[in-house]
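Containing compact mmCIF, N, CA and C atoms: target-v8.txt.
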```txt
# COMPACT_ATOMS: atom_id res chain seq x y z
N MET A 60 136.44 0.68 269.04
CA MET A 60 136.21 -0.70 269.40
C MET A 60 134.83 -0.82 270.02
N ILE A 61 134.13 -1.87 269.67
CA ILE A 61 132.80 -2.10 270.19
C ILE A 61 132.91 -3.24 271.20
N THR A 62 132.32 -3.04 272.36
CA THR A 62 132.28 -4.11 273.35
C THR A 62 130.84 -4.54 273.51
N ARG A 63 130.65 -5.72 273.97
CA ARG A 63 129.32 -6.23 274.17
C ARG A 63 129.31 -7.05 275.44
N SER A 64 128.21 -7.02 276.12
CA SER A 64 128.09 -7.84 277.30
C SER A 64 126.62 -8.01 277.65
N PRO A 65 126.29 -9.15 278.25
CA PRO A 65 124.92 -9.26 278.73
C PRO A 65 124.66 -8.17 279.75
N HIS A 66 123.50 -7.58 279.72
CA HIS A 66 123.13 -6.48 280.61
C HIS A 66 121.96 -6.96 281.47
N PHE A 67 122.15 -6.99 282.77
CA PHE A 67 121.16 -7.59 283.64
C PHE A 67 120.39 -6.61 284.50
N ALA A 68 120.54 -5.31 284.33
CA ALA A 68 119.88 -4.36 285.22
C ALA A 68 118.36 -4.35 285.02
N THR A 69 117.88 -3.98 283.85
CA THR A 69 116.44 -3.91 283.64
C THR A 69 115.98 -4.86 282.55
N THR A 70 116.86 -5.24 281.67
CA THR A 70 116.51 -6.18 280.62
C THR A 70 117.62 -7.21 280.50
N LEU A 71 117.29 -8.31 279.90
CA LEU A 71 118.26 -9.36 279.72
C LEU A 71 118.50 -9.50 278.23
N GLY A 72 119.51 -8.85 277.72
CA GLY A 72 119.83 -8.89 276.31
C GLY A 72 121.23 -8.38 276.09
N LEU A 73 121.60 -8.17 274.85
CA LEU A 73 122.94 -7.69 274.54
C LEU A 73 122.97 -6.16 274.60
N ARG A 74 123.90 -5.65 275.32
CA ARG A 74 124.16 -4.21 275.38
C ARG A 74 125.37 -3.97 274.49
N VAL A 75 125.27 -2.99 273.61
CA VAL A 75 126.37 -2.67 272.71
C VAL A 75 126.94 -1.31 273.10
N HIS A 76 128.25 -1.27 273.25
CA HIS A 76 128.92 -0.02 273.65
C HIS A 76 130.09 0.23 272.72
N ASP A 77 130.14 1.44 272.15
CA ASP A 77 131.24 1.86 271.29
C ASP A 77 132.22 2.65 272.17
N THR A 78 133.39 2.08 272.42
CA THR A 78 134.35 2.75 273.31
C THR A 78 134.97 3.98 272.66
N ARG A 79 134.91 4.07 271.33
CA ARG A 79 135.46 5.23 270.64
C ARG A 79 134.58 6.46 270.83
N THR A 80 133.27 6.28 270.72
CA THR A 80 132.33 7.40 270.82
C THR A 80 131.62 7.47 272.17
N ASN A 81 131.78 6.42 272.96
CA ASN A 81 131.13 6.30 274.27
C ASN A 81 129.61 6.22 274.17
N VAL A 82 129.10 5.75 273.04
CA VAL A 82 127.67 5.56 272.85
C VAL A 82 127.33 4.13 273.27
N THR A 83 126.26 4.00 274.05
CA THR A 83 125.79 2.69 274.48
C THR A 83 124.36 2.49 274.02
N VAL A 84 124.08 1.31 273.51
CA VAL A 84 122.72 0.95 273.13
C VAL A 84 122.28 -0.17 274.07
N GLN A 85 121.28 0.15 274.88
CA GLN A 85 120.73 -0.82 275.82
C GLN A 85 119.72 -1.70 275.08
N PRO A 86 119.62 -2.95 275.48
CA PRO A 86 118.57 -3.78 274.87
C PRO A 86 117.21 -3.31 275.33
N GLY A 87 116.26 -3.31 274.43
CA GLY A 87 114.90 -2.97 274.81
C GLY A 87 114.23 -4.16 275.46
N CYS A 88 113.12 -3.91 276.14
CA CYS A 88 112.40 -5.05 276.70
C CYS A 88 111.89 -5.88 275.52
N CYS A 89 111.66 -7.10 275.73
CA CYS A 89 111.22 -8.04 274.68
C CYS A 89 112.35 -8.40 273.72
N CYS A 90 113.56 -8.05 274.05
CA CYS A 90 114.72 -8.40 273.22
C CYS A 90 115.72 -9.10 274.14
N GLY A 91 115.44 -10.36 274.41
CA GLY A 91 116.20 -11.09 275.41
C GLY A 91 117.47 -11.74 274.89
N LEU A 92 118.21 -12.24 275.81
CA LEU A 92 119.47 -12.91 275.52
C LEU A 92 119.26 -14.16 274.67
N GLU A 93 118.09 -14.77 274.79
CA GLU A 93 117.81 -15.96 273.99
C GLU A 93 117.80 -15.67 272.49
N ASP A 94 117.74 -14.39 272.10
CA ASP A 94 117.72 -14.00 270.69
C ASP A 94 119.09 -13.53 270.18
N TRP A 95 120.15 -13.78 270.93
CA TRP A 95 121.46 -13.23 270.57
C TRP A 95 121.93 -13.66 269.18
N ARG A 96 121.58 -14.83 268.75
CA ARG A 96 122.03 -15.32 267.43
C ARG A 96 121.35 -14.60 266.26
N GLU A 97 120.25 -13.93 266.51
CA GLU A 97 119.56 -13.20 265.44
C GLU A 97 120.43 -12.09 264.86
N TRP A 98 121.45 -11.66 265.62
CA TRP A 98 122.37 -10.64 265.10
C TRP A 98 123.12 -11.14 263.87
N LEU A 99 123.19 -12.45 263.65
CA LEU A 99 123.83 -12.98 262.44
C LEU A 99 123.07 -12.55 261.19
N ASP A 100 121.79 -12.30 261.30
CA ASP A 100 120.97 -11.91 260.16
C ASP A 100 121.29 -10.50 259.64
N VAL A 101 121.99 -9.71 260.45
CA VAL A 101 122.34 -8.35 260.04
C VAL A 101 123.19 -8.37 258.77
N ALA A 102 124.08 -9.34 258.64
CA ALA A 102 124.93 -9.44 257.45
C ALA A 102 124.12 -9.69 256.19
N ASP A 103 122.91 -10.23 256.32
CA ASP A 103 122.03 -10.49 255.18
C ASP A 103 121.01 -9.37 254.99
N ALA A 104 121.32 -8.18 255.51
CA ALA A 104 120.48 -6.99 255.38
C ALA A 104 119.14 -7.12 256.09
N GLU A 105 119.07 -8.00 257.07
CA GLU A 105 117.85 -8.15 257.87
C GLU A 105 117.79 -7.02 258.89
N THR A 106 116.59 -6.65 259.26
CA THR A 106 116.39 -5.70 260.34
C THR A 106 115.88 -6.48 261.54
N LEU A 107 116.48 -6.23 262.68
CA LEU A 107 116.14 -6.98 263.89
C LEU A 107 115.12 -6.25 264.74
N TRP A 108 114.31 -7.02 265.45
CA TRP A 108 113.46 -6.45 266.49
C TRP A 108 114.34 -6.30 267.72
N LEU A 109 114.54 -5.08 268.18
CA LEU A 109 115.43 -4.82 269.30
C LEU A 109 114.67 -4.42 270.55
N GLY A 110 113.37 -4.61 270.54
CA GLY A 110 112.58 -4.32 271.72
C GLY A 110 112.13 -2.88 271.79
N HIS A 111 111.53 -2.54 272.92
CA HIS A 111 111.06 -1.18 273.15
C HIS A 111 111.29 -0.82 274.61
N ASP A 112 111.27 0.46 274.85
CA ASP A 112 111.41 1.04 276.19
C ASP A 112 112.68 0.59 276.90
N PRO A 113 113.87 0.95 276.44
CA PRO A 113 114.15 1.84 275.32
C PRO A 113 113.84 1.15 273.99
N SER A 114 113.82 1.97 272.93
CA SER A 114 113.51 1.46 271.60
C SER A 114 114.70 1.65 270.67
N PRO A 115 115.71 0.77 270.78
CA PRO A 115 116.84 0.90 269.87
C PRO A 115 116.39 0.64 268.43
N ARG A 116 117.15 1.16 267.51
CA ARG A 116 116.77 1.06 266.09
C ARG A 116 118.00 0.71 265.27
N LEU A 117 117.81 -0.14 264.28
CA LEU A 117 118.89 -0.59 263.42
C LEU A 117 118.58 -0.18 261.99
N GLU A 118 119.55 0.45 261.32
CA GLU A 118 119.37 0.85 259.93
C GLU A 118 120.59 0.42 259.12
N HIS A 119 120.34 -0.10 257.94
CA HIS A 119 121.42 -0.47 257.03
C HIS A 119 121.79 0.74 256.19
N ALA A 120 123.07 1.02 256.11
CA ALA A 120 123.59 2.14 255.31
C ALA A 120 124.86 1.68 254.61
N ASP A 121 124.73 1.25 253.37
CA ASP A 121 125.85 0.73 252.59
C ASP A 121 126.51 -0.45 253.31
N GLU A 122 127.79 -0.31 253.64
CA GLU A 122 128.53 -1.41 254.25
C GLU A 122 128.55 -1.37 255.77
N VAL A 123 127.76 -0.48 256.36
CA VAL A 123 127.67 -0.41 257.81
C VAL A 123 126.21 -0.52 258.25
N VAL A 124 126.05 -0.90 259.48
CA VAL A 124 124.74 -0.90 260.12
C VAL A 124 124.82 0.16 261.20
N GLN A 125 123.85 1.04 261.20
CA GLN A 125 123.78 2.06 262.24
C GLN A 125 122.82 1.58 263.31
N LEU A 126 123.32 1.56 264.53
CA LEU A 126 122.53 1.14 265.67
C LEU A 126 122.28 2.36 266.54
N TRP A 127 121.02 2.80 266.56
CA TRP A 127 120.62 4.01 267.28
C TRP A 127 120.13 3.61 268.67
N PRO A 128 120.52 4.38 269.69
CA PRO A 128 120.15 4.03 271.07
C PRO A 128 118.66 4.00 271.37
N ASP A 129 117.89 4.94 270.86
CA ASP A 129 116.49 5.00 271.25
C ASP A 129 115.71 5.86 270.28
N SER A 130 114.47 5.48 270.04
CA SER A 130 113.52 6.30 269.29
C SER A 130 112.14 5.97 269.82
N ILE A 131 111.22 6.88 269.66
CA ILE A 131 109.87 6.67 270.20
C ILE A 131 109.17 5.54 269.45
N ASP A 132 109.26 5.55 268.14
CA ASP A 132 108.65 4.49 267.35
C ASP A 132 109.43 4.31 266.06
N ALA A 133 109.05 3.33 265.29
CA ALA A 133 109.78 2.99 264.08
C ALA A 133 109.75 4.10 263.03
N GLN A 134 108.75 5.00 263.07
CA GLN A 134 108.63 6.05 262.08
C GLN A 134 109.46 7.29 262.43
N GLU A 135 109.88 7.39 263.66
CA GLU A 135 110.61 8.57 264.13
C GLU A 135 112.05 8.55 263.63
N THR A 136 112.55 9.70 263.25
CA THR A 136 113.95 9.82 262.90
C THR A 136 114.74 9.82 264.20
N PRO A 137 115.68 8.86 264.34
CA PRO A 137 116.43 8.80 265.59
C PRO A 137 117.30 10.03 265.78
N SER A 138 117.56 10.36 267.03
CA SER A 138 118.43 11.49 267.33
C SER A 138 119.69 10.97 268.01
N GLY A 139 120.66 11.83 268.15
CA GLY A 139 121.91 11.42 268.78
C GLY A 139 122.85 10.77 267.79
N GLN A 140 123.80 10.07 268.31
CA GLN A 140 124.84 9.45 267.49
C GLN A 140 124.66 7.93 267.47
N PRO A 141 124.71 7.31 266.28
CA PRO A 141 124.57 5.86 266.23
C PRO A 141 125.93 5.17 266.46
N ILE A 142 125.86 3.91 266.77
CA ILE A 142 127.03 3.05 266.73
C ILE A 142 127.05 2.46 265.34
N GLU A 143 128.19 2.53 264.69
CA GLU A 143 128.30 1.95 263.35
C GLU A 143 129.05 0.63 263.42
N ILE A 144 128.44 -0.40 262.86
CA ILE A 144 129.01 -1.74 262.85
C ILE A 144 129.17 -2.14 261.39
N VAL A 145 130.36 -2.56 261.01
CA VAL A 145 130.59 -3.05 259.65
C VAL A 145 129.69 -4.26 259.43
N VAL A 146 129.07 -4.34 258.27
CA VAL A 146 128.10 -5.39 257.99
C VAL A 146 128.65 -6.79 258.32
N GLY A 147 129.90 -7.05 258.05
CA GLY A 147 130.49 -8.35 258.34
C GLY A 147 130.94 -8.52 259.78
N GLY A 148 130.73 -7.52 260.62
CA GLY A 148 131.22 -7.54 261.99
C GLY A 148 130.48 -8.42 262.98
N PRO A 149 129.15 -8.58 262.88
CA PRO A 149 128.43 -9.36 263.89
C PRO A 149 128.95 -10.77 264.15
N PRO A 150 129.36 -11.56 263.14
CA PRO A 150 129.87 -12.89 263.50
C PRO A 150 131.07 -12.86 264.45
N GLY A 151 132.00 -11.94 264.24
CA GLY A 151 133.14 -11.83 265.15
C GLY A 151 132.71 -11.37 266.53
N ILE A 152 131.82 -10.40 266.58
CA ILE A 152 131.31 -9.91 267.86
C ILE A 152 130.57 -11.04 268.57
N LEU A 153 129.79 -11.81 267.82
CA LEU A 153 129.01 -12.88 268.44
C LEU A 153 129.87 -14.03 268.92
N ARG A 154 131.03 -14.23 268.31
CA ARG A 154 131.95 -15.25 268.84
C ARG A 154 132.39 -14.87 270.25
N SER A 155 132.63 -13.59 270.46
CA SER A 155 132.99 -13.11 271.80
C SER A 155 131.82 -13.27 272.77
N VAL A 156 130.62 -12.97 272.30
CA VAL A 156 129.43 -13.14 273.13
C VAL A 156 129.29 -14.62 273.49
N GLN A 157 129.49 -15.50 272.52
CA GLN A 157 129.38 -16.93 272.77
C GLN A 157 130.39 -17.38 273.82
N GLU A 158 131.61 -16.87 273.75
CA GLU A 158 132.63 -17.22 274.74
C GLU A 158 132.20 -16.77 276.14
N GLU A 159 131.61 -15.58 276.23
CA GLU A 159 131.14 -15.09 277.53
C GLU A 159 129.99 -15.96 278.03
N LEU A 160 129.09 -16.36 277.15
CA LEU A 160 127.98 -17.22 277.55
C LEU A 160 128.48 -18.60 277.98
N GLN A 161 129.52 -19.09 277.32
CA GLN A 161 130.11 -20.38 277.73
C GLN A 161 130.70 -20.27 279.13
N GLY A 162 131.33 -19.14 279.42
CA GLY A 162 131.84 -18.91 280.77
C GLY A 162 130.71 -18.87 281.79
N PHE A 163 129.62 -18.19 281.45
CA PHE A 163 128.45 -18.14 282.33
C PHE A 163 127.90 -19.55 282.56
N LEU A 164 127.81 -20.33 281.50
CA LEU A 164 127.29 -21.69 281.60
C LEU A 164 128.19 -22.54 282.50
N SER A 165 129.48 -22.40 282.35
CA SER A 165 130.43 -23.14 283.19
C SER A 165 130.28 -22.77 284.67
N LEU A 166 130.18 -21.47 284.95
CA LEU A 166 130.00 -21.02 286.33
C LEU A 166 128.66 -21.49 286.91
N THR A 167 127.63 -21.47 286.08
CA THR A 167 126.32 -21.95 286.53
C THR A 167 126.39 -23.43 286.89
N LYS A 168 127.08 -24.19 286.06
CA LYS A 168 127.22 -25.63 286.33
C LYS A 168 128.00 -25.86 287.62
N GLN A 169 129.07 -25.08 287.84
CA GLN A 169 129.84 -25.20 289.08
C GLN A 169 128.96 -24.87 290.29
N TRP A 170 128.20 -23.80 290.19
CA TRP A 170 127.31 -23.41 291.28
C TRP A 170 126.29 -24.51 291.56
N ALA A 171 125.67 -25.01 290.50
CA ALA A 171 124.65 -26.04 290.67
C ALA A 171 125.23 -27.32 291.23
N THR A 172 126.46 -27.65 290.86
CA THR A 172 127.11 -28.86 291.38
C THR A 172 127.27 -28.77 292.90
N ARG A 173 127.53 -27.57 293.40
CA ARG A 173 127.66 -27.38 294.85
C ARG A 173 126.32 -27.34 295.57
N HIS A 174 125.32 -26.70 294.95
CA HIS A 174 124.07 -26.45 295.65
C HIS A 174 122.94 -27.43 295.33
N VAL A 175 122.89 -27.93 294.14
CA VAL A 175 121.86 -28.90 293.74
C VAL A 175 122.50 -29.94 292.81
N PRO A 176 123.40 -30.74 293.36
CA PRO A 176 124.20 -31.64 292.52
C PRO A 176 123.39 -32.57 291.62
N THR A 177 122.23 -32.98 292.05
CA THR A 177 121.45 -33.90 291.22
C THR A 177 120.83 -33.19 290.01
N LEU A 178 120.78 -31.89 290.05
CA LEU A 178 120.17 -31.13 288.94
C LEU A 178 121.20 -30.41 288.07
N ALA A 179 122.46 -30.45 288.45
CA ALA A 179 123.49 -29.65 287.77
C ALA A 179 123.58 -29.94 286.27
N GLU A 180 123.65 -31.19 285.91
CA GLU A 180 123.78 -31.54 284.49
C GLU A 180 122.54 -31.11 283.70
N ASP A 181 121.37 -31.38 284.26
CA ASP A 181 120.13 -31.00 283.57
C ASP A 181 119.99 -29.49 283.44
N LEU A 182 120.36 -28.77 284.48
CA LEU A 182 120.29 -27.31 284.44
C LEU A 182 121.21 -26.76 283.35
N ALA A 183 122.45 -27.24 283.33
CA ALA A 183 123.42 -26.77 282.33
C ALA A 183 122.95 -27.12 280.91
N ALA A 184 122.43 -28.31 280.75
CA ALA A 184 121.95 -28.73 279.42
C ALA A 184 120.77 -27.87 278.98
N ARG A 185 119.87 -27.56 279.90
CA ARG A 185 118.69 -26.76 279.55
C ARG A 185 119.07 -25.33 279.19
N LEU A 186 119.97 -24.73 279.99
CA LEU A 186 120.45 -23.38 279.68
C LEU A 186 121.14 -23.35 278.32
N ASP A 187 121.97 -24.36 278.08
CA ASP A 187 122.69 -24.44 276.81
C ASP A 187 121.70 -24.55 275.65
N GLU A 188 120.70 -25.37 275.81
CA GLU A 188 119.70 -25.54 274.75
C GLU A 188 118.88 -24.27 274.55
N ASP A 189 118.37 -23.69 275.63
CA ASP A 189 117.50 -22.52 275.53
C ASP A 189 118.22 -21.29 274.98
N LEU A 190 119.49 -21.13 275.33
CA LEU A 190 120.26 -19.98 274.86
C LEU A 190 121.13 -20.31 273.64
N ALA A 191 121.09 -21.54 273.18
CA ALA A 191 121.87 -21.98 272.00
C ALA A 191 123.34 -21.56 272.14
N ILE A 192 123.92 -21.90 273.28
CA ILE A 192 125.28 -21.47 273.57
C ILE A 192 126.32 -22.29 272.82
N SER A 193 126.21 -23.61 272.86
CA SER A 193 127.27 -24.47 272.31
C SER A 193 127.16 -24.72 270.82
N ALA A 194 126.01 -24.49 270.24
CA ALA A 194 125.87 -24.72 268.80
C ALA A 194 126.87 -23.83 268.06
N PRO A 195 127.56 -24.40 267.07
CA PRO A 195 128.57 -23.60 266.37
C PRO A 195 127.97 -22.40 265.64
N LEU A 196 128.74 -21.33 265.60
CA LEU A 196 128.36 -20.17 264.82
C LEU A 196 128.88 -20.37 263.40
N PRO A 197 128.25 -19.80 262.40
CA PRO A 197 128.76 -19.91 261.04
C PRO A 197 130.21 -19.43 260.99
N GLY A 198 131.02 -20.17 260.24
CA GLY A 198 132.43 -19.79 260.10
C GLY A 198 133.33 -20.38 261.16
N THR A 199 132.75 -21.18 262.07
CA THR A 199 133.56 -21.86 263.08
C THR A 199 133.40 -23.34 262.86
N SER A 200 134.33 -24.11 263.33
CA SER A 200 134.23 -25.55 263.18
C SER A 200 134.07 -26.19 264.53
N GLY A 201 133.28 -27.26 264.56
CA GLY A 201 133.11 -28.02 265.78
C GLY A 201 132.21 -27.33 266.79
N GLN A 202 131.88 -28.08 267.81
CA GLN A 202 131.07 -27.53 268.88
C GLN A 202 131.94 -27.11 270.02
N HIS A 203 131.48 -26.12 270.74
CA HIS A 203 132.19 -25.62 271.91
C HIS A 203 131.63 -26.32 273.13
N ALA A 204 132.49 -26.77 273.99
CA ALA A 204 132.04 -27.40 275.22
C ALA A 204 131.67 -26.34 276.24
N PRO A 205 130.62 -26.59 277.03
CA PRO A 205 130.23 -25.62 278.06
C PRO A 205 131.26 -25.52 279.16
```
Can you present the structure in this file as structure tokens?
Amino acid sequence: MITRSPHFATTLGLRVHDTRTNVTVQPGCCCGLEDWREWLDVADAETLWLGHDPSPRLEHADEVVQLWPDSIDAQETPSGQPIEIVVGGPPGILRSVQEELQGFLSLTKQWATRHVPTLAEDLAARLDEDLAISAPLPGTSGQHAP
């Protein structure tokens, strides 16, 4: 099973963890949470920019995508064990990410309502717009409320 969660220690992006193999891929710098929807392109054989330092790497191999934790540069053969994601898997994984982001947005709005009530609606709307949280994902119907 693969779990995903926003990772806030050194970078702000999606951290991917395979609970079966215990391999974790940290987001590289320059690969922020605002780019989470780009993972949808994986199903179309796109290669994503996953940042650097660490430098995760994505490779397409038949019906799976191998996600390697780190490599020095794009020309280096990655070492260690990759996380394998079925090509059609990202939309389902991203629905879970979207649900987590909706929860974050809801909590942010609650916090702002208590601390800066006049800005709460604008803050929530801006976060939703910048992170594209409520926009429907392909294969879903309707919009999700924050």
- Record the distance separating atom N of A:Glu159 and atom N of A:Leu99, expressed in Å with one decimal.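 Spanning atom N of A:Glu159 to atom N of A:Leu99 is a straight-line distance of 15.5 Å.
Comparing the minimum interatomic distances between A:Ile152 and each of A:Trp95, A:Thr78, A:Arg173, A:Arg185, counting only C-alpha atoms, we find that A:Trp95 sits nearest.
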For A:Asp121, list every protein, DNA or RNA residue within 12 Å, evaluated using only C-alpha atoms, and leave out those in the same chain fewer than 3 positions away; present the list as a PDB file with N, CA and C atoms, in the coordinates of the input.
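Output file part09.pdb is given in full below:
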```
ATOM      1  N   ALA A 102     124.080  -9.340 258.640  1.00  0.00           N
ATOM      2  CA  ALA A 102     124.930  -9.440 257.450  1.00  0.00           C
ATOM      3  C   ALA A 102     124.120  -9.690 256.190  1.00  0.00           C
ATOM      4  N   ALA A 104     121.320  -8.180 255.510  1.00  0.00           N
ATOM      5  CA  ALA A 104     120.480  -6.990 255.380  1.00  0.00           C
ATOM      6  C   ALA A 104     119.140  -7.120 256.090  1.00  0.00           C
ATOM      7  N   GLU A 118     119.550   0.450 261.320  1.00  0.00           N
ATOM      8  CA  GLU A 118     119.370   0.850 259.930  1.00  0.00           C
ATOM      9  C   GLU A 118     120.590   0.420 259.120  1.00  0.00           C
ATOM     10  N   VAL A 124     126.050  -0.900 259.480  1.00  0.00           N
ATOM     11  CA  VAL A 124     124.740  -0.900 260.120  1.00  0.00           C
ATOM     12  C   VAL A 124     124.820   0.160 261.200  1.00  0.00           C
ATOM     13  N   GLN A 125     123.850   1.040 261.200  1.00  0.00           N
ATOM     14  CA  GLN A 125     123.780   2.060 262.240  1.00  0.00           C
ATOM     15  C   GLN A 125     122.820   1.580 263.310  1.00  0.00           C
ATOM     16  N   GLU A 143     128.190   2.530 264.690  1.00  0.00           N
ATOM     17  CA  GLU A 143     128.300   1.950 263.350  1.00  0.00           C
ATOM     18  C   GLU A 143     129.050   0.630 263.420  1.00  0.00           C
ATOM     19  N   ILE A 144     128.440  -0.400 262.860  1.00  0.00           N
ATOM     20  CA  ILE A 144     129.010  -1.740 262.850  1.00  0.00           C
ATOM     21  C   ILE A 144     129.170  -2.140 261.390  1.00  0.00           C
ATOM     22  N   VAL A 145     130.360  -2.560 261.010  1.00  0.00           N
ATOM     23  CA  VAL A 145     130.590  -3.050 259.650  1.00  0.00           C
ATOM     24  C   VAL A 145     129.690  -4.260 259.430  1.00  0.00           C
ATOM     25  N   VAL A 146     129.070  -4.340 258.270  1.00  0.00           N
ATOM     26  CA  VAL A 146     128.100  -5.390 257.990  1.00  0.00           C
ATOM     27  C   VAL A 146     128.650  -6.790 258.320  1.00  0.00           C
ATOM     28  N   GLY A 147     129.900  -7.050 258.050  1.00  0.00           N
ATOM     29  CA  GLY A 147     130.490  -8.350 258.340  1.00  0.00           C
ATOM     30  C   GLY A 147     130.940  -8.520 259.780  1.00  0.00           C
TER      31      GLY A 147
END
```
- From atom CA of A:Leu160 to atom CA of A:Thr172 the spacing works out at 18.1 Å
- Message: Residues near A:Glu97, anyone? I mean within 8 Å using all atoms listed in the file, not counting same-chain ones fewer than 3 positions away, as a PyMOL selection string.
- Response: chain A and resi 93-94+100-102+106-108
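Of the listed residues A:Ala183, A:Ala171, A:Ser114, A:Leu153, the one whose atoms come nearest to A:Arg96 is A:Leu153, with distances taken using only N, CA and C atoms.
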- Which one of A:Ala120, A:Pro176, A:His111, A:His76 sits closest to A:Cys90 if you count only N, CA and C atoms?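 Nearest candidate to A:Cys90 out of A:Ala120, A:Pro176, A:His111, A:His76: A:His111.
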- Item | Two-atom distance - atom N of A:Gln157, atom CA of A:Pro86 (Å) |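 About the pair atom N of A:Gln157 and atom CA of A:Pro86: they are 16.2 Å apart.
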- Query: Which residues in stretch 110-196 of chain A does DSSP call helix (DSSP H, G or I)? List them as a ChimeraX atom specification.
  - Reply: /A:149-174,179-190
- Item | Residue neighbourhood A:Thr83, 8 Å, only C-alpha atoms, exclusion window fewer than 5 positions, as an MDAnalysis selection string | chainID A and resid 74:77 128 142
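Among the candidate residues A:Val84, A:Leu92, A:Pro195, A:Trp98, the one lying nearest to A:Pro149 is A:Trp98, with distances computed using only N, CA and C atoms.
Proximity of A:Leu117, A:Leu109, A:Leu126, A:Leu190 to A:Val82, computed with only C-alpha atoms, is greatest for A:Leu126.
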- Item | Which of A:Gly91, A:Pro150, A:Pro141, A:Pro115 sits closest to A:Asp129 [using only N, CA and C atoms] | A:Pro115
- strand (DSSP E) call set, DSSP backbone run, stretch 122-189 of chain A, as a PyMOL selection string: chain A and resi 123-127+142-145
